[in-house]
Amino acid sequence: MSLNTQVLDKPIVEELPYVEANLHYLLPMAEKPVNYTYEPPAGIPRQNGIYQPQSLPIRNARSIVENLSLDREGFALTEHRTKVRNFYDEDELRNVYYLEAEQLLKEVTGATQVVIFDHTLRNAQESKPSENSIKEPVKRVHNDFTAKSGYARARKELEARGVENIEELLQQRFAIINIWRAIADTIQESPLAVCDAQSIAPTDLVAGDLVYRNRIGETYAVTYNPEHKWYYFPQMQRDEALFIKCFDSAEDGIARFAAHTAFADPTSPTDAPPRQSIELRTFVFYPV
């Protein structure tokens, strides 16, 4: 898959089929947003921000796949047949899928080095926060990293791997790219919507603390802007891979942050099985 540089025509985009659905945005607030990944101590709210739904068109991007670019819109889709049989098998995930994903990202981005550092399985039916690490889909507009935490997480993960030339690596261009895919049935419930990075103003992004039991990360919540352009790929299959740019160290007009969110698709069958998906988080280092 090449990184096409052809800008999407506005009339073509506006003619794409779409669904109208609620996306939940952060209301502007004075203090820094805080969100706990676990049940916090008594008296502390799970999150201090208020998210308000906005009814928006989410356009079907399947017919424009060839025109999408990670470096312009911040997301892209490709076919990719995986050899993984069971994504819930941790050993198979790390020994088979991680290697597949590393090779795929090198092909897609031209990267010289790829480091896969995290993954999340999502299945609302199987999620038991006190018993397993499976999570529910996130139904609020967000981006996984900020301009600050992209560097901080890269340094932390590379140090943990004993990499010696960390500062040298972090001075060259690198990105954090999620690979998102269905891991069971065709996705009919809680699909993922992705926002064109070009339509996001820097002032729409609000850095907030994401509190884990053993560390504090920083992510972007997003405030509403009518200029945002939203897309999705309905009926995603197991052999499709969606790439989402969550951070880019380049600051020269290349897409840096592609906000995203799960949403309640009004066309989903009432008896649709819960969405089962995986996202890998990866560092991608580009040629010097």
# chains A, B, ... in the order shown; residues from 1 in each chain; ligands from 1
$ residues_around --residues "region 83-89 of chain A" --least-positions-apart "6" --cutoff "8 Å" --atoms "only C-alpha atoms" --output "number ranges by chain"
A: 96-97, 121, 183
$ residues_around --residues "region 141-153 of chain A" --least-positions-apart "5" --cutoff "9 Å" --atoms "only C-alpha atoms" --output "ChimeraX atom specification"
/A:23-26,51,158,170,175-176,205-208,217-223,246-249,256-262
$ closest_residue --among "A:Asn225, A:Pro191, A:Phe117, A:Ile278" --to "Arg155 (chain A)" --atoms "only C-alpha atoms"
A:Phe117
$ residues_around --residues "Ser127 (chain A)" --least-positions-apart "5" --cutoff "12 Å" --atoms "only C-alpha atoms" --output "ChimeraX atom specification"
/A:120-122,132-137,274-276
$ write_last_selection --atoms "N, CA, C and O atoms" --output "compact mmCIF listing (two decimals), in the first residue's frame"
# COMPACT_ATOMS: atom_id res chain seq x y z
N THR A 120 -4.26 -4.12 23.26
CA THR A 120 -5.50 -4.16 24.05
C THR A 120 -6.54 -4.96 23.30
O THR A 120 -6.80 -4.70 22.11
N LEU A 121 -7.12 -5.94 23.97
CA LEU A 121 -8.26 -6.70 23.44
C LEU A 121 -9.54 -6.06 23.95
O LEU A 121 -9.62 -5.66 25.13
N ARG A 122 -10.54 -5.97 23.08
CA ARG A 122 -11.82 -5.37 23.49
C ARG A 122 -12.98 -6.32 23.17
O ARG A 122 -13.10 -6.80 22.05
N ASN A 132 -9.62 -9.77 34.38
CA ASN A 132 -8.82 -9.90 33.16
C ASN A 132 -8.51 -8.52 32.59
O ASN A 132 -8.96 -7.49 33.11
N SER A 133 -7.71 -8.51 31.53
CA SER A 133 -7.28 -7.24 30.93
C SER A 133 -8.09 -6.88 29.69
O SER A 133 -7.76 -5.93 28.98
N ILE A 134 -9.16 -7.64 29.41
CA ILE A 134 -10.02 -7.35 28.27
C ILE A 134 -10.87 -6.12 28.59
O ILE A 134 -11.43 -6.02 29.69
N LYS A 135 -10.97 -5.20 27.66
CA LYS A 135 -11.67 -3.94 27.91
C LYS A 135 -12.89 -3.79 27.00
O LYS A 135 -13.04 -4.51 26.02
N GLU A 136 -13.74 -2.84 27.37
CA GLU A 136 -14.87 -2.48 26.53
C GLU A 136 -14.45 -1.43 25.51
O GLU A 136 -13.45 -0.73 25.71
N PRO A 137 -15.20 -1.27 24.41
CA PRO A 137 -14.91 -0.18 23.48
C PRO A 137 -15.02 1.18 24.17
O PRO A 137 -15.85 1.36 25.06
N PRO A 274 -21.39 -8.61 20.43
CA PRO A 274 -20.48 -7.54 20.86
C PRO A 274 -19.22 -7.52 20.00
O PRO A 274 -18.73 -8.56 19.59
N ARG A 275 -18.76 -6.33 19.73
CA ARG A 275 -17.55 -6.17 18.94
C ARG A 275 -16.35 -6.81 19.65
O ARG A 275 -16.13 -6.61 20.84
N GLN A 276 -15.58 -7.60 18.89
CA GLN A 276 -14.33 -8.15 19.39
C GLN A 276 -13.21 -7.61 18.51
O GLN A 276 -13.20 -7.81 17.29
